[in-house]
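A.B. asks: Supplied structure: upload_3.txt, compact mmCIF, N, CA and C atoms.
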```txt
# COMPACT_ATOMS: atom_id res chain seq x y z
N MET A 1 106.45 122.72 95.70
CA MET A 1 106.76 121.50 96.41
C MET A 1 106.22 120.27 95.66
N ILE A 2 105.01 120.39 95.15
CA ILE A 2 104.42 119.27 94.42
C ILE A 2 105.20 118.99 93.15
N MET A 3 105.63 120.05 92.47
CA MET A 3 106.39 119.86 91.24
C MET A 3 107.71 119.14 91.52
N ARG A 4 108.32 119.43 92.65
CA ARG A 4 109.57 118.77 93.01
C ARG A 4 109.36 117.27 93.20
N LYS A 5 108.25 116.90 93.83
CA LYS A 5 107.97 115.48 94.04
C LYS A 5 107.66 114.77 92.74
N ARG A 6 107.05 115.46 91.80
CA ARG A 6 106.72 114.85 90.52
C ARG A 6 107.97 114.47 89.74
N ARG A 7 109.04 115.21 89.92
CA ARG A 7 110.28 114.90 89.20
C ARG A 7 110.86 113.56 89.63
N TYR A 8 110.69 113.23 90.90
CA TYR A 8 111.26 112.01 91.44
C TYR A 8 110.38 110.78 91.21
N THR A 9 109.14 110.98 90.85
CA THR A 9 108.18 109.88 90.79
C THR A 9 108.61 108.78 89.82
N GLY A 10 109.00 109.15 88.63
CA GLY A 10 109.38 108.14 87.64
C GLY A 10 110.57 107.31 88.08
N ALA A 11 111.58 107.97 88.62
CA ALA A 11 112.77 107.26 89.05
C ALA A 11 112.47 106.33 90.23
N VAL A 12 111.69 106.81 91.17
CA VAL A 12 111.40 106.02 92.37
C VAL A 12 110.49 104.84 92.03
N VAL A 13 109.48 105.06 91.20
CA VAL A 13 108.57 103.97 90.84
C VAL A 13 109.32 102.89 90.05
N THR A 14 110.15 103.31 89.12
CA THR A 14 110.92 102.34 88.34
C THR A 14 111.86 101.54 89.24
N ALA A 15 112.55 102.23 90.12
CA ALA A 15 113.47 101.54 91.03
C ALA A 15 112.71 100.59 91.96
N ALA A 16 111.55 101.01 92.45
CA ALA A 16 110.77 100.16 93.34
C ALA A 16 110.30 98.90 92.62
N CYS A 17 109.86 99.05 91.38
CA CYS A 17 109.41 97.88 90.61
C CYS A 17 110.56 96.90 90.38
N LEU A 18 111.72 97.43 90.01
CA LEU A 18 112.87 96.57 89.78
C LEU A 18 113.33 95.88 91.07
N LEU A 19 113.31 96.63 92.17
CA LEU A 19 113.71 96.03 93.45
C LEU A 19 112.73 94.94 93.88
N LEU A 20 111.45 95.18 93.68
CA LEU A 20 110.46 94.15 94.02
C LEU A 20 110.64 92.91 93.16
N TYR A 21 110.87 93.11 91.88
CA TYR A 21 111.03 91.98 90.96
C TYR A 21 112.26 91.15 91.30
N TYR A 22 113.41 91.81 91.42
CA TYR A 22 114.63 91.05 91.69
C TYR A 22 114.69 90.56 93.13
N GLY A 23 114.09 91.28 94.05
CA GLY A 23 114.01 90.80 95.42
C GLY A 23 113.14 89.55 95.53
N ALA A 24 112.03 89.56 94.81
CA ALA A 24 111.16 88.38 94.79
C ALA A 24 111.88 87.20 94.13
N ALA A 25 112.65 87.47 93.09
CA ALA A 25 113.40 86.40 92.45
C ALA A 25 114.41 85.80 93.42
N ALA A 26 115.09 86.63 94.18
CA ALA A 26 116.07 86.13 95.15
C ALA A 26 115.40 85.28 96.21
N VAL A 27 114.26 85.73 96.71
CA VAL A 27 113.53 84.96 97.72
C VAL A 27 113.02 83.65 97.14
N LEU A 28 112.52 83.70 95.91
CA LEU A 28 112.04 82.49 95.26
C LEU A 28 113.18 81.49 95.08
N PHE A 29 114.32 81.96 94.63
CA PHE A 29 115.46 81.07 94.44
C PHE A 29 115.93 80.49 95.78
N ALA A 30 115.84 81.27 96.84
CA ALA A 30 116.29 80.79 98.15
C ALA A 30 115.38 79.69 98.69
N TRP A 31 114.11 79.72 98.32
CA TRP A 31 113.16 78.76 98.89
C TRP A 31 112.77 77.65 97.93
N LEU A 32 113.47 77.51 96.81
CA LEU A 32 113.17 76.42 95.89
C LEU A 32 113.52 75.08 96.53
N PRO A 33 112.56 74.17 96.57
CA PRO A 33 112.85 72.87 97.19
C PRO A 33 113.58 71.94 96.21
N GLY A 34 114.37 71.08 96.76
CA GLY A 34 115.02 70.06 95.96
C GLY A 34 116.25 70.51 95.19
N ILE A 35 116.78 71.67 95.53
CA ILE A 35 117.97 72.18 94.85
C ILE A 35 119.10 72.22 95.88
N ALA A 36 120.29 71.87 95.44
CA ALA A 36 121.45 71.85 96.33
C ALA A 36 121.73 73.26 96.88
N LEU A 37 122.37 73.30 98.02
CA LEU A 37 122.67 74.57 98.66
C LEU A 37 123.55 75.46 97.79
N TRP A 38 124.54 74.87 97.12
CA TRP A 38 125.42 75.69 96.29
C TRP A 38 124.66 76.29 95.11
N ALA A 39 123.67 75.57 94.59
CA ALA A 39 122.87 76.11 93.49
C ALA A 39 121.98 77.24 93.97
N ARG A 40 121.42 77.11 95.17
CA ARG A 40 120.60 78.19 95.74
C ARG A 40 121.44 79.44 95.95
N LEU A 41 122.63 79.26 96.51
CA LEU A 41 123.50 80.41 96.73
C LEU A 41 123.88 81.09 95.43
N LEU A 42 124.15 80.30 94.42
CA LEU A 42 124.49 80.85 93.11
C LEU A 42 123.31 81.62 92.52
N LEU A 43 122.13 81.03 92.59
CA LEU A 43 120.96 81.70 92.04
C LEU A 43 120.59 82.96 92.82
N CYS A 44 120.80 82.95 94.12
CA CYS A 44 120.50 84.13 94.94
C CYS A 44 121.55 85.21 94.77
N SER A 45 122.75 84.82 94.40
CA SER A 45 123.81 85.82 94.26
C SER A 45 123.67 86.64 92.99
N LEU A 46 122.84 86.23 92.07
CA LEU A 46 122.65 87.00 90.84
C LEU A 46 121.74 88.22 91.04
N PRO A 47 120.56 88.12 91.67
CA PRO A 47 119.70 89.30 91.82
C PRO A 47 120.20 90.32 92.84
N VAL A 48 120.98 89.90 93.81
CA VAL A 48 121.42 90.82 94.86
C VAL A 48 122.28 91.96 94.31
N PRO A 49 123.29 91.70 93.47
CA PRO A 49 124.05 92.82 92.91
C PRO A 49 123.20 93.72 92.00
N VAL A 50 122.22 93.14 91.34
CA VAL A 50 121.33 93.96 90.51
C VAL A 50 120.54 94.93 91.38
N CYS A 51 120.08 94.47 92.53
CA CYS A 51 119.36 95.35 93.46
C CYS A 51 120.27 96.47 93.96
N ALA A 52 121.50 96.13 94.26
CA ALA A 52 122.45 97.15 94.71
C ALA A 52 122.71 98.17 93.60
N LEU A 53 122.80 97.71 92.38
CA LEU A 53 123.02 98.61 91.25
C LEU A 53 121.81 99.51 91.02
N VAL A 54 120.62 98.99 91.18
CA VAL A 54 119.40 99.80 91.03
C VAL A 54 119.37 100.91 92.07
N ILE A 55 119.75 100.60 93.30
CA ILE A 55 119.79 101.62 94.35
C ILE A 55 120.85 102.68 94.03
N PHE A 56 122.00 102.25 93.54
CA PHE A 56 123.06 103.18 93.18
C PHE A 56 122.60 104.13 92.06
N VAL A 57 121.95 103.58 91.05
CA VAL A 57 121.47 104.40 89.93
C VAL A 57 120.37 105.35 90.40
N LEU A 58 119.51 104.90 91.30
CA LEU A 58 118.46 105.78 91.83
C LEU A 58 119.07 106.96 92.58
N VAL A 59 120.06 106.70 93.41
CA VAL A 59 120.72 107.78 94.15
C VAL A 59 121.37 108.76 93.18
N GLN A 60 122.00 108.22 92.15
CA GLN A 60 122.64 109.07 91.14
C GLN A 60 121.61 109.94 90.42
N ARG A 61 120.46 109.36 90.08
CA ARG A 61 119.42 110.12 89.37
C ARG A 61 118.82 111.19 90.26
N VAL A 62 118.64 110.90 91.54
CA VAL A 62 118.10 111.91 92.47
C VAL A 62 119.07 113.07 92.60
N ARG A 63 120.36 112.77 92.63
CA ARG A 63 121.36 113.85 92.68
C ARG A 63 121.30 114.71 91.42
N GLU A 64 121.11 114.07 90.26
CA GLU A 64 120.98 114.82 89.01
C GLU A 64 119.75 115.73 89.05
N LEU A 65 118.65 115.20 89.55
CA LEU A 65 117.42 116.00 89.61
C LEU A 65 117.56 117.16 90.58
N ARG A 66 118.24 116.95 91.68
CA ARG A 66 118.44 118.03 92.65
C ARG A 66 119.34 119.13 92.09
N SER A 67 120.25 118.77 91.21
CA SER A 67 121.14 119.77 90.64
C SER A 67 120.46 120.55 89.52
N GLY A 68 119.24 120.16 89.17
CA GLY A 68 118.50 120.90 88.16
C GLY A 68 118.54 120.27 86.79
N GLU A 69 119.19 119.15 86.65
CA GLU A 69 119.29 118.47 85.36
C GLU A 69 118.11 117.51 85.23
N THR A 70 117.07 117.96 84.52
CA THR A 70 115.87 117.13 84.40
C THR A 70 115.91 116.24 83.18
N ASP A 71 116.66 116.62 82.16
CA ASP A 71 116.72 115.83 80.93
C ASP A 71 118.17 115.44 80.69
N ASP A 72 118.45 114.14 80.78
CA ASP A 72 119.82 113.69 80.58
C ASP A 72 120.07 113.20 79.15
N LEU A 73 119.12 113.39 78.26
CA LEU A 73 119.30 112.92 76.88
C LEU A 73 120.27 113.79 76.09
N ASP A 74 120.55 114.99 76.56
CA ASP A 74 121.47 115.87 75.81
C ASP A 74 122.90 115.37 75.87
N ARG A 75 123.20 114.42 76.74
CA ARG A 75 124.55 113.87 76.83
C ARG A 75 124.86 112.89 75.69
N TYR A 76 123.83 112.36 75.10
CA TYR A 76 124.03 111.25 74.15
C TYR A 76 123.87 111.68 72.73
```
Represent the structure contained in this file as structure tokens.
C.D. replies:
Amino acid sequence: MIMRKRRYTGAVVTAACLLLYYGAAAVLFAWLPGIALWARLLLCSLPVPVCALVIFVLVQRVRELRSGETDDLDRY
């Protein structure tokens, strides 16, 4: 059981760090004073798709790990 959790650690920690970084950027852009509303919306619209992509890649990697594929470098 512990070995199974260790396989997911790298993927989850990396995804969490990226989500925190881009989520904080989106919040920071949303609360910047003195910027027009259209500029705030534009700046906030950039990190949101990146967060969605990080979640998609994390789900994909977890599926790979569950199927027993621990090393994906053999594809390249």
A.B. asks: Quick check, in Å to one decimal: how far apart do atom CA of Ile35 of chain A and atom CA of Ala16 of chain A lie?
C.D. replies: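 Separation of atom CA of Ile35 of chain A and atom CA of Ala16 of chain A: 28.9 Å.
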A.B. asks: Please indicate the distance in Å from atom N of Leu41 of chain A to atom CA of Tyr22 of chain A, rounded to one decimal place.
C.D. replies: 15.0 Å
A.B. asks: Calculate how many Å separate atom C of Pro49 of chain A from atom C of Cys17 of chain A, rounding to one decimal.
C.D. replies: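 Atom C of Pro49 of chain A sits 13.1 Å away from atom C of Cys17 of chain A.
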A.B. asks: Which residues, written as an MDAnalysis selection string, have at least one atom at most 8 Å from segment 58-69 of chain A, with all atoms listed in the file counted and residues fewer than 3 positions away on the same chain left out?
C.D. replies: chainID A and resid 7:8 11:12 15 52:55 72
A.B. asks: If we count all atoms listed in the file and set the cut-off at 6.5 Å, which residues sit around Ala26 of chain A, ignoring sequence neighbours fewer than 4 positions away in its own chain? Please answer as a list in words.
C.D. replies: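 Counting all atoms listed in the file, the residues come to Tyr21, Tyr22, Ala30, Trp31, Leu43, Cys44, Pro47 and Val48 of chain A.
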A.B. asks: Output as number ranges by chain all residues of chain A that backbone DSSP marks as alpha helix (DSSP H).
C.D. replies: A: 2-30, 37-45, 47-66
